[in-house]
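Peer 1: Enclosed is the structure file run_8.txt (compact mmCIF, C-alpha atoms).
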```
# COMPACT_ATOMS: atom_id res chain seq x y z
CA MET A 835 -107.51 143.67 98.31
CA LYS A 836 -110.57 142.49 96.39
CA LEU A 837 -109.82 139.21 94.64
CA ALA A 838 -111.38 137.69 91.52
CA MET A 839 -110.32 134.46 89.86
CA VAL A 840 -110.33 133.52 86.19
CA PHE A 841 -110.05 130.02 84.73
CA PRO A 842 -108.23 129.19 81.49
CA GLY A 843 -109.72 126.94 78.82
CA GLN A 844 -108.54 124.94 75.86
CA GLY A 845 -105.02 125.86 74.73
CA SER A 846 -103.42 126.03 78.19
CA GLN A 847 -102.82 122.27 78.41
CA SER A 848 -99.40 120.64 78.21
CA VAL A 849 -97.99 117.25 79.11
CA GLY A 850 -96.78 117.30 82.73
CA MET A 851 -98.61 120.56 83.47
CA MET A 852 -99.48 119.58 87.05
CA ASN A 853 -95.91 118.59 88.04
CA ALA A 854 -95.08 122.20 88.95
CA TYR A 855 -97.56 122.08 91.85
CA GLY A 856 -95.65 119.33 93.65
CA ASP A 857 -97.48 116.61 95.52
CA LEU A 858 -100.32 118.75 96.89
CA PRO A 859 -103.05 116.35 98.08
CA GLU A 860 -105.90 118.40 96.60
CA ILE A 861 -104.31 118.16 93.15
CA ARG A 862 -103.84 114.41 93.51
CA HIS A 863 -107.34 113.81 94.89
CA THR A 864 -109.05 115.94 92.22
CA ILE A 865 -107.31 114.11 89.40
CA ALA A 866 -108.22 110.76 90.99
CA GLU A 867 -111.83 111.92 91.32
CA ALA A 868 -111.89 112.93 87.65
CA SER A 869 -110.51 109.52 86.67
CA ASP A 870 -113.32 107.83 88.61
CA ILE A 871 -115.98 110.07 87.03
CA LEU A 872 -114.77 109.47 83.47
CA GLY A 873 -113.70 105.86 83.93
CA GLU A 874 -110.18 106.39 82.63
CA ASN A 875 -106.75 107.34 83.93
CA ILE A 876 -106.77 111.13 83.59
CA GLY A 877 -103.63 111.44 85.72
CA LYS A 878 -101.59 109.31 83.33
CA LEU A 879 -102.78 111.35 80.34
CA ILE A 880 -101.83 114.61 82.07
CA ALA A 881 -98.46 113.34 83.28
CA GLU A 882 -97.34 111.33 80.27
CA GLY A 883 -99.48 112.34 77.31
CA PRO A 884 -98.74 111.74 74.51
CA ALA A 885 -99.27 115.37 73.50
CA GLY A 886 -101.37 114.40 70.48
CA GLU A 887 -103.81 112.54 72.72
CA LEU A 888 -103.91 115.29 75.35
CA ASN A 889 -104.56 117.88 72.63
CA ARG A 890 -107.55 116.03 71.19
CA THR A 891 -110.52 118.28 71.98
CA VAL A 892 -112.46 115.36 73.47
CA ASN A 893 -109.68 114.92 76.06
CA THR A 894 -108.51 118.51 76.46
CA GLN A 895 -111.85 119.83 77.67
CA PRO A 896 -112.35 117.51 80.69
CA VAL A 897 -108.62 117.59 81.47
CA MET A 898 -108.48 121.41 81.61
CA VAL A 899 -111.59 121.64 83.81
CA THR A 900 -109.97 119.06 86.12
CA ALA A 901 -106.72 121.05 86.25
CA ASP A 902 -108.50 124.35 86.95
CA VAL A 903 -110.63 122.89 89.74
CA ALA A 904 -107.62 121.09 91.23
CA VAL A 905 -105.59 124.31 91.45
CA TYR A 906 -108.53 126.15 93.01
CA ARG A 907 -108.99 123.44 95.64
CA ALA A 908 -105.26 123.56 96.42
CA TRP A 909 -105.41 127.35 96.76
CA ARG A 910 -108.29 127.14 99.24
CA ALA A 911 -106.73 124.27 101.23
CA LEU A 912 -103.52 126.27 101.65
CA GLY A 913 -105.47 129.15 103.17
CA GLY A 914 -106.28 131.25 100.10
CA GLU A 915 -109.46 133.29 100.39
CA ALA A 916 -112.51 132.65 98.26
CA PRO A 917 -112.72 135.16 95.39
CA CYS A 918 -115.51 137.72 95.33
CA MET A 919 -116.31 136.76 91.73
CA VAL A 920 -115.11 134.36 89.06
CA ALA A 921 -115.10 133.94 85.29
CA GLY A 922 -113.65 131.44 82.86
CA HIS A 923 -112.53 131.86 79.27
CA SER A 924 -114.69 129.69 77.00
CA LEU A 925 -114.33 126.17 78.45
CA GLY A 926 -113.00 127.78 81.65
CA GLU A 927 -116.50 129.04 82.41
CA TYR A 928 -117.44 125.48 83.32
CA ALA A 929 -114.64 125.35 85.92
CA ALA A 930 -115.82 128.72 87.26
CA LEU A 931 -119.33 127.32 87.71
CA VAL A 932 -117.96 124.25 89.52
CA VAL A 933 -115.97 126.29 92.06
CA ALA A 934 -118.96 128.60 92.51
CA GLY A 935 -121.13 125.61 93.44
CA ALA A 936 -123.52 126.01 90.51
CA LEU A 937 -122.48 122.80 88.75
CA SER A 938 -121.17 119.62 90.35
CA PHE A 939 -117.77 118.30 89.30
CA ALA A 940 -119.36 114.90 88.64
CA ASP A 941 -121.89 116.42 86.23
CA CYS A 942 -119.42 118.85 84.66
CA LEU A 943 -116.81 116.44 83.31
CA PRO A 944 -119.16 114.27 81.20
CA LEU A 945 -120.89 117.47 80.08
CA VAL A 946 -117.69 119.08 78.78
CA ARG A 947 -116.71 115.83 77.08
CA LEU A 948 -120.08 115.94 75.29
CA ARG A 949 -119.42 119.63 74.51
CA ALA A 950 -116.10 118.68 72.93
CA ILE A 951 -117.65 115.93 70.83
CA ALA A 952 -120.56 118.15 69.77
CA MET A 953 -118.26 121.02 68.76
CA GLN A 954 -115.94 118.70 66.84
CA GLU A 955 -118.83 117.02 65.00
CA ALA A 956 -120.66 120.29 64.19
CA VAL A 957 -118.18 121.09 61.41
CA PRO A 958 -116.07 118.45 59.62
CA GLU A 959 -112.35 118.82 60.25
CA GLY A 960 -110.74 121.03 57.61
CA VAL A 961 -113.97 122.87 56.75
CA GLY A 962 -113.58 125.51 59.46
CA ALA A 963 -110.71 127.61 60.80
CA MET A 964 -109.80 130.26 63.36
CA ALA A 965 -107.27 133.10 63.25
CA ALA A 966 -105.98 135.70 65.68
CA ILE A 967 -106.04 139.32 64.50
CA LEU A 968 -103.58 141.54 66.35
CA GLY A 969 -103.30 145.30 66.33
CA LEU A 970 -106.76 146.16 65.00
CA ASP A 971 -109.78 147.47 66.90
CA ASP A 972 -112.97 145.46 67.25
CA ASP A 973 -115.01 147.46 64.75
CA ALA A 974 -112.37 147.16 62.06
CA VAL A 975 -112.12 143.39 62.60
CA MET A 976 -115.89 143.04 62.28
CA ALA A 977 -115.84 145.15 59.11
CA ALA A 978 -113.11 142.91 57.69
CA CYS A 979 -115.24 139.84 58.43
CA LEU A 980 -118.25 141.41 56.73
CA GLU A 981 -116.19 142.15 53.63
CA ALA A 982 -114.65 138.66 53.61
CA SER A 983 -117.80 136.58 54.12
CA GLN A 984 -118.92 136.43 50.46
CA GLY A 985 -121.76 134.05 51.27
CA GLU A 986 -119.74 132.05 53.82
CA VAL A 987 -119.32 132.47 57.58
CA VAL A 988 -116.47 134.43 59.12
CA GLU A 989 -117.09 136.21 62.43
CA ALA A 990 -115.29 137.79 65.37
CA VAL A 991 -115.62 135.15 68.08
CA ASN A 992 -113.15 135.98 70.89
CA PHE A 993 -112.81 139.56 72.05
CA ASN A 994 -109.76 138.72 74.17
CA ALA A 995 -108.26 142.17 74.78
CA PRO A 996 -108.02 145.54 73.03
CA ALA A 997 -106.53 144.92 69.56
CA GLN A 998 -106.58 141.14 70.08
CA VAL A 999 -109.57 139.46 68.44
CA VAL A 1000 -110.02 135.92 67.14
CA ILE A 1001 -112.12 135.26 64.04
CA ALA A 1002 -113.66 131.94 62.99
CA GLY A 1003 -115.81 130.39 60.28
CA HIS A 1004 -115.36 128.61 56.96
CA ALA A 1005 -111.66 128.11 56.19
CA ALA A 1006 -111.60 130.09 52.93
CA ALA A 1007 -113.59 132.95 54.47
CA VAL A 1008 -111.22 133.09 57.46
CA LYS A 1009 -108.30 133.37 55.05
CA ARG A 1010 -110.07 136.24 53.26
CA GLY A 1011 -110.78 137.79 56.68
CA MET A 1012 -107.09 137.66 57.57
CA ASP A 1013 -106.21 139.44 54.32
CA ALA A 1014 -108.97 142.03 54.82
CA ALA A 1015 -107.77 142.69 58.37
CA LYS A 1016 -104.18 143.20 57.21
CA SER A 1017 -105.36 145.58 54.51
CA ARG A 1018 -107.05 147.59 57.29
CA GLY A 1019 -103.82 147.85 59.25
CA ALA A 1020 -103.68 144.73 61.44
CA LYS A 1021 -100.14 144.11 62.65
CA ARG A 1022 -100.51 140.35 62.37
CA ALA A 1023 -103.06 137.75 61.33
CA LEU A 1024 -102.22 134.23 62.51
CA GLN A 1025 -104.15 131.07 61.74
CA LEU A 1026 -104.63 129.02 64.91
CA PRO A 1027 -103.95 125.27 65.19
CA VAL A 1028 -107.51 124.27 66.12
CA SER A 1029 -109.82 121.59 64.79
CA ALA A 1030 -113.09 123.56 64.59
CA PRO A 1031 -114.39 127.16 64.30
CA PHE A 1032 -115.31 127.48 67.97
CA HIS A 1033 -117.86 130.08 69.06
CA SER A 1034 -118.93 130.89 65.50
CA SER A 1035 -122.50 130.45 64.28
CA LEU A 1036 -121.31 127.23 62.60
CA MET A 1037 -121.41 125.75 66.11
CA ALA A 1038 -125.24 125.99 66.24
CA PRO A 1039 -125.63 122.16 66.09
CA ALA A 1040 -123.32 121.87 69.11
CA ALA A 1041 -125.31 124.50 71.00
CA LEU A 1042 -128.49 122.49 70.39
CA ARG A 1043 -126.90 119.29 71.71
CA LEU A 1044 -125.67 121.17 74.77
CA LYS A 1045 -129.13 122.62 75.35
CA GLN A 1046 -130.59 119.12 75.39
CA ALA A 1047 -127.89 117.84 77.75
CA LEU A 1048 -128.13 120.80 80.13
CA ALA A 1049 -131.86 120.26 80.50
CA GLN A 1050 -131.03 117.00 82.33
CA ILE A 1051 -128.36 118.48 84.64
CA ALA A 1052 -128.88 120.12 88.03
CA ILE A 1053 -127.79 123.76 88.18
CA GLU A 1054 -127.81 125.69 91.46
CA ALA A 1055 -127.59 129.40 92.16
CA PRO A 1056 -123.84 130.08 92.43
CA SER A 1057 -122.42 130.93 95.85
CA ILE A 1058 -119.83 133.16 94.13
CA PRO A 1059 -120.97 135.48 91.31
CA VAL A 1060 -119.94 134.12 87.89
CA ILE A 1061 -119.46 136.57 85.02
CA HIS A 1062 -120.61 134.84 81.85
CA ASN A 1063 -118.81 134.96 78.48
CA LEU A 1064 -122.04 135.51 76.56
CA ASN A 1065 -122.92 138.91 78.01
CA ALA A 1066 -120.39 139.76 80.78
CA MET A 1067 -123.24 139.59 83.31
CA THR A 1068 -123.84 137.56 86.47
CA CYS A 1069 -126.92 135.44 87.04
CA THR A 1070 -128.48 133.41 89.86
CA GLN A 1071 -131.30 131.74 87.89
CA PRO A 1072 -130.46 128.13 86.91
CA ASP A 1073 -132.46 128.23 83.67
CA LYS A 1074 -130.68 131.41 82.57
CA ILE A 1075 -127.30 129.90 83.42
CA ARG A 1076 -128.20 126.95 81.18
CA GLU A 1077 -129.05 129.40 78.38
CA PHE A 1078 -125.74 131.22 78.84
CA LEU A 1079 -123.81 127.94 78.67
CA PHE A 1080 -125.31 126.52 75.51
CA GLY A 1081 -125.45 130.00 73.96
CA GLN A 1082 -121.72 130.37 74.61
CA ALA A 1083 -120.99 127.56 72.13
CA ASP A 1084 -122.07 129.49 69.04
CA HIS A 1085 -121.64 133.09 70.24
CA PRO A 1086 -118.54 135.23 70.90
CA VAL A 1087 -116.52 135.14 74.11
CA ARG A 1088 -116.65 138.72 75.41
CA TRP A 1089 -113.57 138.47 77.59
CA THR A 1090 -112.62 142.14 77.52
CA GLN A 1091 -116.06 143.00 78.88
CA CYS A 1092 -115.80 140.28 81.55
CA ILE A 1093 -112.58 141.76 82.95
CA MET A 1094 -113.93 145.31 82.71
CA ALA A 1095 -117.01 144.15 84.66
CA MET A 1096 -114.71 142.91 87.43
CA ALA A 1097 -112.88 146.23 87.54
CA ALA A 1098 -116.21 148.08 87.66
CA CYS A 1099 -117.14 146.03 90.74
CA GLY A 1100 -114.02 147.20 92.56
CA VAL A 1101 -111.83 144.13 91.99
CA THR A 1102 -108.15 144.94 92.57
CA HIS A 1103 -106.49 141.54 91.97
CA VAL A 1104 -107.23 138.90 89.31
CA TYR A 1105 -105.59 135.50 89.72
CA GLU A 1106 -105.49 133.02 86.85
CA CYS A 1107 -106.34 129.69 88.44
CA GLY A 1108 -104.88 126.81 86.44
CA PRO A 1109 -101.87 125.85 84.35
CA GLY A 1110 -100.52 128.21 81.72
CA LYS A 1111 -100.24 131.99 81.45
CA VAL A 1112 -102.82 132.91 78.84
CA LEU A 1113 -105.27 135.09 80.76
CA SER A 1114 -102.94 137.08 83.03
CA PRO A 1115 -101.31 139.09 80.23
CA LEU A 1116 -104.78 139.78 78.79
CA THR A 1117 -105.90 141.15 82.17
CA LYS A 1118 -103.08 143.72 82.14
CA ARG A 1119 -103.87 144.73 78.56
CA ILE A 1120 -107.55 145.16 79.34
CA CYS A 1121 -107.11 147.10 82.59
CA ALA A 1122 -103.62 148.20 83.64
CA ASP A 1123 -104.82 149.03 87.18
CA LEU A 1124 -105.59 145.39 87.99
CA GLN A 1125 -102.94 143.30 89.75
CA SER A 1126 -102.59 140.01 87.88
CA LEU A 1127 -100.99 136.71 88.87
CA ALA A 1128 -101.00 133.29 87.20
CA LEU A 1129 -101.08 130.42 89.71
CA THR A 1130 -98.99 128.20 87.45
CA ASP A 1131 -96.98 126.40 90.15
CA ARG A 1132 -96.51 125.96 93.89
CA ASP A 1133 -94.30 129.07 94.15
CA ALA A 1134 -96.93 131.23 92.42
CA ILE A 1135 -99.57 129.98 94.85
CA SER A 1136 -97.27 130.94 97.75
CA GLN A 1137 -96.77 134.38 96.20
CA GLY A 1138 -100.53 134.80 95.92
CA LEU A 1139 -101.06 133.69 99.51
CA GLN A 1140 -98.54 136.26 100.76
CA ALA A 1141 -100.31 139.03 98.87
CA ASN A 1142 -103.54 137.70 100.34
CA VAL A 1143 -102.46 138.27 103.94
```
Could I get this structure in the form of structure tokens?
Peer 2:
Amino acid sequence: MKLAMVFPGQGSQSVGMMNAYGDLPEIRHTIAEASDILGENIGKLIAEGPAGELNRTVNTQPVMVTADVAVYRAWRALGGEAPCMVAGHSLGEYAALVVAGALSFADCLPLVRLRAIAMQEAVPEGVGAMAAILGLDDDAVMAACLEASQGEVVEAVNFNAPAQVVIAGHAAAVKRGMDAAKSRGAKRALQLPVSAPFHSSLMAPAALRLKQALAQIAIEAPSIPVIHNLNAMTCTQPDKIREFLFGQADHPVRWTQCIMAMAACGVTHVYECGPGKVLSPLTKRICADLQSLALTDRDAISQGLQANV
């Protein structure tokens, strides 16, 4: 068994999402630590919501990093082995860097809150949009975006799995992109309930703010290789890791390539470390040979530990 771990990002949150893990001390302590770092009751927000407040980007980003790190710490405390490599989808990359020792938890949470604010402020609400295109290959999606741009921005921004690509940009251009994709044979084109066109070139102002913030934050060489969204490569140089992080904000998430890179390194098992089951089905679609498990509750952790023996 050769284990890798992946960390979910924004979209996997839900009110009460940590209840399924029981009263594991590492979960409790990590949430308390996050509350101290941010100066607010993160545990209450996770447990009670309301959903509208939890789903605000400025809250979701630090909350999801907290949840991901908490589940990883619980896994390790219960005897789970350290993965041979890690990756995180979009925001999840920050959690991956924390567990790999490249970025401290105390530095990460204020940083991702700034990231959330910067991304939200880069494009006024209602100006941008995102949509999932299903059943169409990458090249055809990119061709649809090119046809639909008409002087505006619409780009493929999340290469999540074969025939599952997310596009983003100006709202009208995204709508044209959805129509162009369907005319090329896409099975479905679904607008996503998000507040900004994440990972599109419209996020350039956010990337600049992140670059300035990251210049002030200590980054160490990771103790576990981290596969980065920007290029599906690993890196040990702190300055390059900074570049990959701020570059991620306004460039596509190359998730298919990240999982393929794990498979190419001989990984046999990929565990999704955090609440929700977003990444595990993608893993199976990308590479059917990989064993996939979502550590969504205490029972799933036990299942993973048994396979780990």
Peer 1: In Å, how far is it from atom CA of Val920 of chain A to atom CA of Ala997 of chain A?
Peer 2: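 That distance, rounded to one decimal, is 23.8 Å.
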Peer 1: Which one is closest to Lys1111 of chain A: A:Val987, A:Leu1129, A:Met976, A:Ala1097? Count all atoms listed in the file.
Peer 2: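 Closest candidate: A:Leu1129.
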Peer 1: If we count all atoms listed in the file and set the cut-off at 10 Å, which residues sit around Gly914 of chain A, ignoring sequence neighbours fewer than 6 positions away in its own chain? Please answer as a ChimeraX atom specification.
Peer 2: /A:906-908,1135-1136,1138-1143
Peer 1: Would you mind listing what lies within 10 Å of Pro996 of chain A as an MDAnalysis selection string, with all atoms listed in the file counted and same-chain residues fewer than 3 positions away left out?
Peer 2: chainID A and resid 968:972 993 999 1090 1116 1119:1121
Peer 1: What does the distance from atom CA of Gly856 of chain A to atom CA of Val897 of chain A come to in Å, to one decimal?
Peer 2: 17.9 Å
Peer 1: My list of candidates is A:Thr894, A:Ser983, A:Thr1130, A:Gln1082. Which is closest to Ser924 of chain A when distances are computed with all atoms listed in the file?
Peer 2: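 So, comparing all the options, the nearest one is A:Gln1082.
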Peer 1: Could you tell me how far atom CA of Ala1040 of chain A sits from atom CA of Ala956 of chain A, in Å to one decimal place?
Peer 2: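 The value is 5.8 Å.
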Peer 1: Where atoms are missing, can you supply all heavy atoms for segment 1088-1099 of chain A and output the lot as a compact mmCIF listing (two decimals), in the frame of the given file?
Peer 2:
```
# COMPACT_ATOMS: atom_id res chain seq x y z
N ARG A 1088 -116.85 137.27 75.20
CA ARG A 1088 -116.65 138.72 75.41
C ARG A 1088 -115.73 138.92 76.63
O ARG A 1088 -116.14 139.44 77.67
CB ARG A 1088 -118.00 139.42 75.56
CG ARG A 1088 -118.87 139.21 74.33
CD ARG A 1088 -120.09 140.11 74.28
NE ARG A 1088 -120.83 139.89 73.03
CZ ARG A 1088 -120.53 140.43 71.86
NH1 ARG A 1088 -119.49 141.25 71.77
NH2 ARG A 1088 -121.25 140.17 70.79
N TRP A 1089 -114.48 138.49 76.45
CA TRP A 1089 -113.57 138.47 77.59
C TRP A 1089 -113.17 139.86 78.05
O TRP A 1089 -113.06 140.11 79.26
CB TRP A 1089 -112.32 137.64 77.24
CG TRP A 1089 -111.50 137.34 78.46
CD1 TRP A 1089 -110.26 137.80 78.76
CD2 TRP A 1089 -111.90 136.51 79.56
NE1 TRP A 1089 -109.85 137.32 79.97
CE2 TRP A 1089 -110.84 136.52 80.48
CE3 TRP A 1089 -113.05 135.77 79.84
CZ2 TRP A 1089 -110.90 135.82 81.69
CZ3 TRP A 1089 -113.11 135.06 81.03
CH2 TRP A 1089 -112.05 135.08 81.93
N THR A 1090 -112.96 140.76 77.13
CA THR A 1090 -112.62 142.14 77.52
C THR A 1090 -113.70 142.70 78.43
O THR A 1090 -113.40 143.29 79.49
CB THR A 1090 -112.45 143.03 76.28
OG1 THR A 1090 -111.39 142.51 75.48
CG2 THR A 1090 -112.14 144.46 76.66
N GLN A 1091 -114.96 142.49 78.07
CA GLN A 1091 -116.06 143.00 78.88
C GLN A 1091 -116.13 142.30 80.24
O GLN A 1091 -116.48 142.92 81.24
CB GLN A 1091 -117.39 142.81 78.13
CG GLN A 1091 -117.57 143.73 76.95
CD GLN A 1091 -118.88 143.46 76.21
OE1 GLN A 1091 -118.88 143.10 75.04
NE2 GLN A 1091 -119.99 143.59 76.90
N CYS A 1092 -115.79 141.01 80.28
CA CYS A 1092 -115.80 140.28 81.55
C CYS A 1092 -114.81 140.89 82.54
O CYS A 1092 -115.12 141.11 83.72
CB CYS A 1092 -115.47 138.80 81.33
SG CYS A 1092 -116.76 137.85 80.49
N ILE A 1093 -113.59 141.18 82.06
CA ILE A 1093 -112.58 141.76 82.95
C ILE A 1093 -112.95 143.19 83.33
O ILE A 1093 -112.78 143.61 84.49
CB ILE A 1093 -111.18 141.71 82.30
CG1 ILE A 1093 -110.76 140.26 82.05
CG2 ILE A 1093 -110.15 142.43 83.16
CD1 ILE A 1093 -110.68 139.39 83.28
N MET A 1094 -113.48 143.94 82.40
CA MET A 1094 -113.93 145.31 82.71
C MET A 1094 -115.06 145.29 83.74
O MET A 1094 -115.15 146.18 84.60
CB MET A 1094 -114.37 146.03 81.44
CG MET A 1094 -113.24 146.34 80.47
SD MET A 1094 -111.90 147.33 81.19
CE MET A 1094 -112.77 148.86 81.54
N ALA A 1095 -115.92 144.28 83.67
CA ALA A 1095 -117.01 144.15 84.66
C ALA A 1095 -116.43 143.91 86.05
O ALA A 1095 -116.94 144.44 87.05
CB ALA A 1095 -117.95 143.02 84.26
N MET A 1096 -115.37 143.12 86.14
CA MET A 1096 -114.71 142.91 87.43
C MET A 1096 -114.15 144.22 87.98
O MET A 1096 -114.33 144.55 89.15
CB MET A 1096 -113.59 141.88 87.28
CG MET A 1096 -114.06 140.47 87.06
SD MET A 1096 -112.69 139.31 86.88
CE MET A 1096 -113.60 137.75 86.91
N ALA A 1097 -113.46 144.95 87.11
CA ALA A 1097 -112.88 146.23 87.54
C ALA A 1097 -113.97 147.20 88.00
O ALA A 1097 -113.80 147.91 89.00
CB ALA A 1097 -112.07 146.84 86.40
N ALA A 1098 -115.10 147.19 87.30
CA ALA A 1098 -116.21 148.08 87.66
C ALA A 1098 -116.81 147.73 89.02
O ALA A 1098 -117.41 148.59 89.68
CB ALA A 1098 -117.29 148.02 86.58
N CYS A 1099 -116.64 146.47 89.43
CA CYS A 1099 -117.14 146.03 90.74
C CYS A 1099 -116.12 146.26 91.86
O CYS A 1099 -116.35 145.82 93.00
CB CYS A 1099 -117.53 144.55 90.69
SG CYS A 1099 -119.01 144.23 89.73
```
